[in-house]
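J.: Contents are compact mmCIF, C-alpha atoms; file name work-v9.txt:
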```txt
# COMPACT_ATOMS: atom_id res chain seq x y z
CA THR A 43 -108.36 93.81 48.18
CA GLN A 44 -109.51 93.90 51.79
CA PHE A 45 -109.16 97.14 53.69
CA PHE A 46 -109.99 98.56 57.11
CA LEU A 47 -110.83 102.22 57.65
CA GLY A 48 -111.36 103.67 61.10
CA VAL A 49 -112.86 107.18 61.17
CA GLY A 50 -113.47 109.11 64.39
CA PHE A 51 -115.54 112.25 64.94
CA LYS A 52 -115.28 114.24 68.15
CA LYS A 53 -118.84 115.55 67.98
CA PRO A 54 -121.27 115.55 69.66
CA HIS A 55 -119.02 116.63 72.47
CA LEU A 56 -118.32 119.78 74.41
CA PRO A 57 -117.87 122.43 73.25
CA PHE A 58 -120.98 122.33 71.08
CA VAL A 59 -119.45 123.95 68.00
CA ALA A 60 -120.86 123.31 64.53
CA PRO A 61 -121.32 125.40 61.35
CA LYS A 62 -124.22 127.86 61.50
CA SER A 63 -126.23 125.96 58.89
CA TYR A 64 -126.65 123.06 61.30
CA TRP A 65 -127.84 125.33 64.10
CA ASP A 66 -130.33 126.78 61.63
CA LEU A 67 -131.95 123.37 61.19
CA TYR A 68 -133.64 123.78 64.59
CA ASP A 69 -135.87 126.26 66.36
CA ARG A 70 -134.54 126.55 69.90
CA THR A 71 -137.95 127.27 71.37
CA ASN A 72 -139.12 123.80 70.27
CA PHE A 73 -136.70 122.01 72.57
CA VAL A 74 -138.32 120.65 75.73
CA ILE A 75 -136.08 120.26 78.77
CA HIS A 76 -136.08 116.89 80.50
CA PRO A 77 -139.11 116.35 82.76
CA PHE A 78 -137.20 114.56 85.55
CA GLN A 79 -134.34 116.70 86.86
CA GLN A 80 -134.20 115.25 90.35
CA HIS A 81 -132.21 112.43 91.89
CA PRO A 82 -133.97 109.08 92.35
CA LEU A 83 -135.51 107.83 95.56
CA HIS A 84 -132.83 106.02 97.64
CA GLU A 85 -130.12 107.83 95.70
CA VAL A 86 -126.46 106.82 95.89
CA THR A 87 -124.13 109.81 96.02
CA TYR A 88 -121.35 108.03 94.12
CA SER A 89 -123.49 108.14 90.98
CA TRP A 90 -123.32 111.82 90.22
CA ASN A 91 -121.04 113.70 87.86
CA TYR A 92 -122.48 117.14 88.73
CA ALA A 93 -121.67 118.43 85.24
CA ASN A 94 -118.07 119.22 86.16
CA GLU A 95 -117.01 119.36 82.51
CA LEU A 96 -119.81 121.79 81.73
CA THR A 97 -118.80 124.22 84.48
CA GLU A 98 -115.46 124.81 82.76
CA TYR A 99 -117.32 127.22 80.46
CA ASP A 100 -117.66 130.85 81.52
CA ASP A 101 -121.44 131.16 81.45
CA ILE A 102 -122.21 128.09 83.58
CA SER A 103 -120.90 128.28 87.13
CA VAL A 104 -123.38 126.03 88.95
CA PRO A 105 -123.61 122.42 87.75
CA THR A 106 -127.23 121.97 88.85
CA ASN A 107 -130.36 124.11 88.50
CA ILE A 108 -129.32 125.38 85.08
CA PRO A 109 -131.94 127.89 83.87
CA PRO A 110 -134.40 126.47 81.31
CA ALA A 111 -133.27 128.91 78.60
CA LYS A 112 -129.65 127.78 78.98
CA GLN A 113 -130.77 124.14 78.88
CA GLN A 114 -132.57 124.82 75.59
CA GLU A 115 -129.38 126.40 74.25
CA LEU A 116 -127.39 123.32 75.25
CA LEU A 117 -129.94 121.01 73.61
CA HIS A 118 -129.82 123.17 70.49
CA GLY A 119 -126.03 122.90 70.36
CA TYR A 120 -126.07 119.14 70.95
CA TYR A 121 -128.53 118.54 68.11
CA ALA A 122 -126.61 120.87 65.78
CA CYS A 123 -123.47 118.80 66.41
CA ILE A 124 -125.42 115.55 65.87
CA SER A 125 -126.64 116.78 62.48
CA PHE A 126 -123.17 118.02 61.54
CA VAL A 127 -121.60 114.62 62.24
CA ASP A 128 -124.51 112.87 60.51
CA ALA A 129 -123.62 114.81 57.38
CA GLN A 130 -119.97 113.74 57.62
CA VAL A 131 -121.01 110.09 57.92
CA GLY A 132 -123.15 110.65 54.83
CA ARG A 133 -120.14 111.91 52.90
CA LEU A 134 -118.24 108.71 53.74
CA LEU A 135 -121.14 106.50 52.68
CA ASP A 136 -121.59 108.49 49.45
CA ARG A 137 -117.94 107.92 48.66
CA LEU A 138 -118.33 104.18 49.16
CA GLU A 139 -121.18 104.29 46.65
CA THR A 140 -119.12 106.31 44.16
CA LEU A 141 -116.21 103.85 44.38
CA GLY A 142 -118.52 100.86 43.98
CA LEU A 143 -117.63 99.53 47.42
CA ALA A 144 -120.96 99.85 49.24
CA SER A 145 -122.19 96.40 48.27
CA ASN A 146 -119.24 94.58 49.85
CA THR A 147 -118.14 96.78 52.75
CA ILE A 148 -119.21 96.15 56.35
CA VAL A 149 -120.03 99.42 58.13
CA ILE A 150 -120.34 99.81 61.90
CA LEU A 151 -121.35 103.08 63.54
CA TRP A 152 -120.87 103.37 67.29
CA GLY A 153 -119.96 105.84 70.02
CA ASP A 154 -117.65 105.54 73.01
CA HIS A 155 -120.16 106.87 75.57
CA GLY A 156 -123.57 108.45 75.94
CA PHE A 157 -124.38 111.95 77.16
CA HIS A 158 -126.75 113.23 79.84
CA LEU A 159 -128.97 116.05 78.60
CA GLY A 160 -130.59 117.19 81.83
CA TYR A 161 -131.65 113.78 83.15
CA HIS A 162 -131.26 113.95 86.95
CA ALA A 163 -129.98 117.51 86.32
CA GLU A 164 -126.88 115.85 84.84
CA TRP A 165 -125.04 117.12 81.78
CA GLY A 166 -122.22 115.22 80.12
CA LYS A 167 -120.78 111.75 80.55
CA HIS A 168 -118.89 110.21 83.50
CA THR A 169 -121.67 108.21 85.15
CA ASN A 170 -122.65 104.54 85.33
CA LEU A 171 -126.28 105.37 84.60
CA GLU A 172 -128.25 104.64 81.44
CA GLN A 173 -127.76 107.80 79.41
CA ALA A 174 -123.97 107.85 79.79
CA SER A 175 -123.54 104.09 79.32
CA ARG A 176 -125.65 103.52 76.21
CA VAL A 177 -124.10 104.31 72.83
CA PRO A 178 -125.27 104.48 69.22
CA PHE A 179 -124.61 101.08 67.65
CA ILE A 180 -125.54 100.23 64.05
CA ILE A 181 -124.15 97.34 61.99
CA TYR A 182 -124.56 97.13 58.22
CA ASN A 183 -123.70 93.73 56.77
CA PRO A 184 -123.96 93.60 52.95
CA PHE A 185 -123.29 89.86 52.90
CA GLY A 186 -126.58 88.74 54.45
CA GLY A 187 -128.61 88.94 57.59
CA VAL A 188 -131.87 90.68 58.44
CA SER A 189 -132.47 94.21 57.16
CA ASN A 190 -133.66 97.04 59.37
CA GLN A 191 -133.97 94.97 62.52
CA LEU A 192 -133.97 96.62 65.94
CA VAL A 193 -132.46 94.30 68.56
CA LYS A 194 -132.96 95.09 72.23
CA THR A 195 -130.31 92.95 73.88
CA PRO A 196 -127.24 93.86 75.96
CA VAL A 197 -124.01 94.07 73.98
CA SER A 198 -120.58 95.43 74.77
CA SER A 199 -117.99 97.42 72.82
CA THR A 200 -115.66 94.45 73.41
CA ASP A 201 -117.96 92.58 71.01
CA LEU A 202 -116.95 94.78 68.06
CA TYR A 203 -113.65 93.04 67.28
CA PRO A 204 -114.89 89.43 67.09
CA THR A 205 -118.03 90.58 65.25
CA LEU A 206 -116.01 92.26 62.51
CA CYS A 207 -113.77 89.22 62.20
CA ALA A 208 -116.75 86.86 61.91
CA LEU A 209 -118.63 88.98 59.36
CA ALA A 210 -115.51 89.53 57.24
CA GLY A 211 -114.49 85.87 57.35
CA VAL A 212 -111.23 86.68 59.13
CA PRO A 213 -109.96 84.22 61.78
CA ILE A 214 -110.56 85.57 65.28
CA PRO A 215 -107.11 86.04 66.85
CA GLN A 216 -106.06 85.13 70.35
CA GLN A 217 -106.30 87.54 73.24
CA PRO A 218 -103.03 89.50 73.66
CA LEU A 219 -101.06 89.16 76.87
CA ASN A 220 -101.99 91.41 79.74
CA GLN A 221 -99.20 93.90 80.45
CA ARG A 222 -99.13 92.88 84.13
CA GLU A 223 -98.42 89.25 83.36
CA ALA A 224 -94.98 87.68 83.16
CA PRO A 225 -93.44 88.13 79.70
CA THR A 226 -93.08 84.36 79.40
CA ALA A 227 -96.77 83.62 80.08
CA PRO A 228 -98.22 81.44 77.30
CA ALA A 229 -100.49 83.13 74.77
CA THR A 230 -102.10 80.02 73.35
CA GLY A 231 -105.71 79.02 73.87
CA ARG A 232 -106.95 82.44 74.95
CA SER A 233 -110.15 83.48 73.24
CA LEU A 234 -111.16 87.10 72.89
CA LYS A 235 -113.34 88.22 75.77
CA GLY A 236 -115.87 89.92 73.52
CA LYS A 237 -118.61 87.88 71.89
CA SER A 238 -119.33 87.86 68.17
CA LEU A 239 -122.69 89.41 67.32
CA ALA A 240 -122.74 87.83 63.86
CA ALA A 241 -125.55 85.45 64.83
CA ILE A 242 -127.67 88.42 65.96
CA VAL A 243 -126.94 90.35 62.77
CA ASN A 244 -127.82 87.29 60.68
CA GLY A 245 -131.05 86.72 62.57
CA SER A 246 -130.24 83.28 63.93
CA THR A 247 -130.36 84.36 67.60
CA ASN A 248 -131.69 87.27 69.65
CA ALA A 249 -128.90 87.52 72.25
CA VAL A 250 -125.37 86.32 73.02
CA ARG A 251 -125.07 87.52 76.63
CA THR A 252 -127.30 88.07 79.65
CA GLY A 253 -125.75 91.40 80.63
CA ALA A 254 -123.07 93.92 79.72
CA ILE A 255 -120.68 95.51 82.22
CA THR A 256 -119.57 99.12 82.49
CA LEU A 257 -117.20 100.58 85.06
CA PHE A 258 -116.63 104.05 86.46
CA ARG A 259 -114.64 105.29 89.45
CA ARG A 260 -115.72 108.10 91.72
CA GLY A 261 -114.24 107.67 95.19
CA ALA A 262 -115.39 104.05 95.04
CA THR A 263 -115.31 101.88 91.93
CA GLY A 264 -118.73 101.34 90.39
CA TYR A 265 -119.52 98.20 88.41
CA ALA A 266 -122.79 98.25 86.48
CA TYR A 267 -124.46 95.17 84.97
CA ARG A 268 -127.11 95.99 82.33
CA THR A 269 -129.57 93.27 81.29
CA ASP A 270 -132.44 93.66 78.84
CA ARG A 271 -134.57 95.14 81.63
CA TYR A 272 -132.46 96.08 84.66
CA ARG A 273 -129.26 97.89 85.58
CA TYR A 274 -127.58 96.61 88.75
CA LEU A 275 -124.65 98.52 90.28
CA GLU A 276 -122.17 97.85 93.08
CA TRP A 277 -119.86 100.52 94.46
CA ILE A 278 -116.77 98.94 96.05
CA GLN A 279 -113.96 100.59 98.00
CA SER A 280 -111.04 98.89 99.78
CA GLY A 281 -112.74 95.52 99.51
CA ASN A 282 -116.01 96.77 101.02
CA LEU A 283 -119.39 97.06 99.34
CA MET A 284 -120.32 100.72 99.86
CA ALA A 285 -123.63 100.98 98.01
CA ARG A 286 -125.88 99.27 95.49
CA GLU A 287 -128.34 100.43 92.85
CA LEU A 288 -131.02 98.69 90.80
CA TYR A 289 -133.15 100.31 88.08
CA ASP A 290 -136.06 98.86 86.11
CA TYR A 291 -136.26 100.34 82.59
CA VAL A 292 -139.63 98.78 81.79
CA ASP A 293 -141.55 100.29 84.71
CA ASP A 294 -139.20 103.20 85.43
CA PRO A 295 -137.29 104.33 82.31
CA MET A 296 -136.30 107.66 83.92
CA GLU A 297 -134.51 106.03 86.88
CA THR A 298 -136.75 107.68 89.47
CA ILE A 299 -136.41 104.86 92.06
CA ASN A 300 -133.31 102.98 93.15
CA LEU A 301 -134.95 99.61 93.81
CA ALA A 302 -131.98 98.46 95.92
CA GLY A 303 -133.63 100.46 98.70
CA GLU A 304 -136.98 98.72 98.24
CA PRO A 305 -138.08 95.31 99.62
CA ASP A 306 -138.53 92.17 97.47
CA TYR A 307 -135.56 92.68 95.15
CA ASP A 308 -132.89 90.85 97.17
CA ALA A 309 -133.03 87.62 95.17
CA LEU A 310 -132.77 89.48 91.86
CA MET A 311 -129.79 91.53 93.06
CA TYR A 312 -128.05 88.43 94.37
CA GLN A 313 -128.51 86.77 90.98
CA TYR A 314 -126.95 89.77 89.19
CA SER A 315 -124.18 90.07 91.78
CA VAL A 316 -123.13 86.49 91.04
CA ALA A 317 -123.54 86.88 87.27
CA MET A 318 -121.42 90.04 87.19
CA ARG A 319 -118.56 88.38 89.07
CA THR A 320 -118.76 85.31 86.87
CA GLU A 321 -118.42 87.46 83.79
CA MET A 322 -115.50 89.41 85.24
CA ASP A 323 -113.78 86.16 86.19
CA ASP A 324 -114.07 85.16 82.53
CA PHE A 325 -112.07 88.26 81.60
CA LYS A 326 -109.06 87.05 83.60
CA LEU A 327 -106.34 85.77 81.32
CA SER A 328 -104.52 83.82 83.99
CA ALA A 329 -104.23 83.43 87.75
CA ASN A 330 -101.79 86.38 87.71
CA ASP A 331 -104.09 88.69 85.82
CA THR A 332 -105.17 91.51 88.13
CA ALA A 333 -107.94 92.94 85.96
CA CYS A 334 -110.95 94.16 87.97
CA THR A 335 -109.39 93.10 91.25
CA LEU A 336 -111.93 94.97 93.40
CA LEU A 337 -114.87 93.04 92.03
CA GLN A 338 -113.05 89.73 91.85
CA SER A 339 -111.82 89.98 95.43
CA THR A 340 -115.26 90.65 96.95
CA LEU A 341 -118.11 88.20 97.43
CA PRO A 342 -121.70 88.51 96.23
CA PHE A 343 -123.65 89.80 99.20
CA ASN A 344 -126.82 88.02 100.24
CA THR A 345 -129.14 90.64 101.72
CA ILE A 346 -131.73 88.03 102.59
CA THR A 347 -129.58 86.60 105.38
CA ASN A 348 -127.13 89.52 105.82
CA GLU A 349 -124.27 87.10 105.19
CA PRO A 350 -121.72 86.90 102.41
CA ALA A 351 -122.26 84.12 99.88
CA LEU A 352 -119.56 82.41 97.84
CA PRO A 353 -119.70 82.00 94.06
CA ILE A 354 -119.92 78.33 93.10
CA GLU A 355 -116.90 77.31 91.06
CA ARG A 356 -118.57 74.37 89.35
CA MET A 357 -121.14 71.62 89.73
CA GLN A 358 -119.68 68.32 88.64
CA ASN A 359 -120.64 64.65 89.11
CA GLY A 360 -123.41 65.57 91.53
CA GLN A 361 -121.17 67.77 93.69
CA VAL A 362 -120.96 71.51 94.39
CA HIS A 363 -117.44 73.00 94.46
CA TRP A 364 -116.50 76.43 95.82
CA PRO A 365 -113.31 78.19 97.01
CA ASP A 366 -113.27 77.25 100.72
CA ALA A 367 -110.85 78.20 103.49
CA THR A 368 -109.54 76.45 106.61
CA GLY A 369 -111.50 77.17 109.78
CA VAL A 370 -114.61 78.46 107.99
CA THR A 371 -118.08 76.85 108.20
CA TYR A 372 -120.47 76.90 105.25
CA ARG A 373 -124.11 76.16 104.49
CA LEU A 374 -125.46 74.84 101.17
CA MET A 375 -128.71 76.58 100.20
CA SER A 376 -131.09 75.90 97.31
CA THR A 377 -134.16 77.38 95.62
CA THR A 378 -136.34 76.50 92.66
CA ASN A 379 -136.97 80.15 91.76
CA LEU A 380 -134.34 82.89 91.92
CA MET A 381 -136.96 85.61 91.85
CA ASN A 382 -139.00 84.74 94.93
CA GLY A 383 -136.23 85.01 97.54
CA GLY A 384 -137.16 81.70 99.17
CA TRP A 385 -133.95 79.78 99.94
CA THR A 386 -133.80 76.51 101.90
CA ALA A 387 -130.83 75.11 103.84
CA ARG A 388 -129.91 71.71 102.36
CA VAL A 389 -126.60 70.88 104.05
CA THR A 390 -125.34 72.71 107.16
CA ASN A 391 -122.09 72.82 109.17
CA VAL A 392 -119.97 72.17 106.09
CA VAL A 393 -116.23 72.67 106.66
CA SER A 394 -114.83 72.04 103.18
CA SER A 395 -115.72 71.81 99.49
CA PRO A 396 -117.17 69.85 97.71
CA VAL A 397 -120.62 68.82 98.91
CA THR A 398 -122.70 66.10 97.28
CA LEU A 399 -126.05 67.40 96.07
CA PRO A 400 -129.07 66.11 98.00
CA LEU A 401 -131.00 63.46 96.12
CA GLY A 402 -133.58 64.96 93.78
CA GLN A 403 -132.18 68.50 93.99
CA GLY A 404 -130.10 68.43 90.82
CA GLN A 405 -132.32 70.90 88.97
CA ASP A 406 -132.42 73.50 91.76
CA TYR A 407 -130.35 76.69 92.04
CA PHE A 408 -127.63 76.56 94.70
CA ARG A 409 -125.52 78.98 96.67
CA VAL A 410 -123.01 78.54 99.48
CA ASP A 411 -123.36 80.82 102.53
CA VAL A 412 -120.48 81.63 104.83
CA VAL A 413 -121.75 80.87 108.36
CA SER A 414 -118.59 81.53 110.41
CA PRO A 415 -116.30 83.11 111.28
```
As structure tokens, how would this structure be written, given the file I've shared?

T.:
Amino acid sequence: TQFFLGVGFKKPHLPFVAPKSYWDLYDRTNFVIHPFQQHPLHEVTYSWNYANELTEYDDISVPTNIPPAKQQELLHGYYACISFVDAQVGRLLDRLETLGLASNTIVILWGDHGFHLGYHAEWGKHTNLEQASRVPFIIYNPFGGVSNQLVKTPVSSTDLYPTLCALAGVPIPQQPLNQREAPTAPATGRSLKGKSLAAIVNGSTNAVRTGAITLFRRGATGYAYRTDRYRYLEWIQSGNLMARELYDYVDDPMETINLAGEPDYDALMYQYSVAMRTEMDDFKLSANDTACTLLQSTLPFNTITNEPALPIERMQNGQVHWPDATGVTYRLMSTTNLMNGGWTARVTNVVSSPVTLPLGQGQDYFRVDVVSP
């Protein structure tokens, strides 16, 4: 008989309360506070949480510059809670063994958010940065796949549902109607917006998506796009792009430099700006769906020319199509390498979509710049 069991644990979470035996597992003096407790170069003020949740406790009144001894106490409490929850997970798995269910039960362990532990002098969640966005994510599939593999590829919590369906052999259902849509809107033909990770679990592929999106609001709405190496962020308010961030986790795992303030990264940011909007457009269930309106209503910004650039709707039969408007002039640009920032004008003074691709340019990358007004 098939069954589904969902079990939630609140820890590790403030307050850091766990039985004494789990605190006794650790020597507090062995905890080392985080070495980088500053904000990055070219910081964006929207990014910071300032430990507001932590300051609700009586002995912490200032969200930054927490004394080292207090930081060690917080780390001690966090790890005590981790070990306490680890033991509870162990009790569940032991029970599966006792009941003879471990050999045919899929188990997924994940969290709903990460937790800053002094990085950038931040404590808690509520940011779009790496430590608050990453979560524990372990999949055990007793029916096959590759054992003990560590996969470093972007995934999303929206991928959980279709993954479970695929691994369990259950048909993947259609996406439910959005509550903002008309009650009579058709529900047929709508696939789930998450992607099944079954092929990754089974070892037949290394990735199913280029990047994963997280969202957090703080004055402006921040959209973050995490690839295998970079995190790109846009902060949007009232239809205006307020700030951008770009972090490289290969060369700068501690987020010490916001590369959006450095030269030579414009082409990369433009690529991610387009990719993020394309993915969000895929989440729309219909023309009336207002999900992620801020991102969908703004254009990728091309810092190379200081002009907005339109997302290309499709390339079909040798033509480029984009959402044009009456009275606006466009320019078709192309490049052979998205990383080098070298774009060439191919067709200028265009007044409407579509445009036929220049001969021999079919393998290039294209964008459409708004020239006027």

J.: How far is it from CA of Leu135 (chain A) to CA of Lys194 (chain A), in Å with one decimal?

T.: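 Distance reported for this atom pair: 25.5 Å.
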
J.: For CA of His168 (chain A) and CA of Trp277 (chain A), determine how far apart the two atoms are, in Å to one decimal place.

T.: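 A separation of 14.7 Å between them.
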
J.: Near Lys62 (chain A), counting all atoms listed in the file, which residues have an atom at most 12 Å away, once you skip same-chain residues fewer than 4 positions from it, shown as a ChimeraX atom specification?

T.: /A:58,66-68,118-119,122-123,125-126

J.: Counting only C-alpha atoms, what are the residues of region 115-172 of chain A within 12 Å of region 186-192 of chain A, and for each of them which pair of atoms is the nearest and at what distance in Å, to one decimal? Sort the table by chain and rising number, as CSV.

T.:
```
residue,atom,partner,partner_atom,distance
A:Ser145,CA,A:Gly186,CA,10.8
A:Asn146,CA,A:Gly186,CA,10.4
A:Thr147,CA,A:Gly186,CA,11.8
A:Ile148,CA,A:Gly186,CA,10.6
```

J.: What separation in Å, quoted to one decimal, exists between CA of Phe157 (chain A) and CA of Gln113 (chain A)?

T.: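 Computing the Euclidean distance for CA of Phe157 (chain A) and CA of Gln113 (chain A) yields 13.9 Å.
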
J.: Which protein, DNA or RNA residues are at most 7 Å from (-120.7, 104.3, 95.1) in the file's coordinates when you count only C-alpha atoms, listed as an mmCIF file with C-alpha atoms, in the coordinates of the input?

T.:
```cif
data_model
loop_
_atom_site.group_PDB
_atom_site.id
_atom_site.type_symbol
_atom_site.label_atom_id
_atom_site.label_comp_id
_atom_site.auth_asym_id
_atom_site.auth_seq_id
_atom_site.Cartn_x
_atom_site.Cartn_y
_atom_site.Cartn_z
ATOM 1 C CA VAL A 86 -126.460 106.820 95.890
ATOM 2 C CA THR A 87 -124.130 109.810 96.020
ATOM 3 C CA TYR A 88 -121.350 108.030 94.120
ATOM 4 C CA SER A 89 -123.490 108.140 90.980
ATOM 5 C CA ALA A 262 -115.390 104.050 95.040
ATOM 6 C CA THR A 263 -115.310 101.880 91.930
ATOM 7 C CA GLY A 264 -118.730 101.340 90.390
ATOM 8 C CA GLU A 276 -122.170 97.850 93.080
ATOM 9 C CA TRP A 277 -119.860 100.520 94.460
ATOM 10 C CA ILE A 278 -116.770 98.940 96.050
ATOM 11 C CA MET A 284 -120.320 100.720 99.860
ATOM 12 C CA ALA A 285 -123.630 100.980 98.010
#
```

J.: Can you pull out every residue within 9 Å of region 298-302 of chain A, counting all atoms listed in the file, but drop anything in the same chain fewer than 3 positions away, and send it as a short mmCIF file (atom, residue, chain, number, x, y, z; two decimals) with C-alpha atoms, in the coordinates of the input?

T.:
```
data_model
loop_
_atom_site.label_atom_id
_atom_site.label_comp_id
_atom_site.auth_asym_id
_atom_site.auth_seq_id
_atom_site.Cartn_x
_atom_site.Cartn_y
_atom_site.Cartn_z
CA PHE A 78 -137.20 114.56 85.55
CA GLN A 80 -134.20 115.25 90.35
CA HIS A 81 -132.21 112.43 91.89
CA PRO A 82 -133.97 109.08 92.35
CA LEU A 83 -135.51 107.83 95.56
CA HIS A 84 -132.83 106.02 97.64
CA GLU A 85 -130.12 107.83 95.70
CA VAL A 86 -126.46 106.82 95.89
CA HIS A 162 -131.26 113.95 86.95
CA TYR A 274 -127.58 96.61 88.75
CA ALA A 285 -123.63 100.98 98.01
CA ARG A 286 -125.88 99.27 95.49
CA GLU A 287 -128.34 100.43 92.85
CA LEU A 288 -131.02 98.69 90.80
CA TYR A 289 -133.15 100.31 88.08
CA ASP A 290 -136.06 98.86 86.11
CA ASP A 294 -139.20 103.20 85.43
CA PRO A 295 -137.29 104.33 82.31
CA PRO A 305 -138.08 95.31 99.62
CA TYR A 307 -135.56 92.68 95.15
CA ASP A 308 -132.89 90.85 97.17
CA MET A 311 -129.79 91.53 93.06
#
```

J.: Please enclose the listed atoms of region 307-320 of chain A in an axis-aligned box, pad each side by 5 Å, and write out the centre and the three edge lengths in Å, rounded to one decimal, as AutoDock Vina command-line options.

T.:
```
--center_x -127.1 --center_y 89.0 --center_z 92.0 --size_x 27.0 --size_y 17.4 --size_z 20.3
```

J.: Would you mind telling me which residue in A:Val131, A:Met296, A:Val49, A:Val243 lies nearest to Pro77 (chain A) when using all atoms listed in the file?

T.: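 Closest candidate: A:Met296.
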
J.: Pick the closest to Val410 (chain A) from A:Val74, A:Val149, A:Ile242, A:Ala387: which is it, counting all atoms listed in the file?

T.: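 Result for the nearest residue to Val410 (chain A): A:Ala387.
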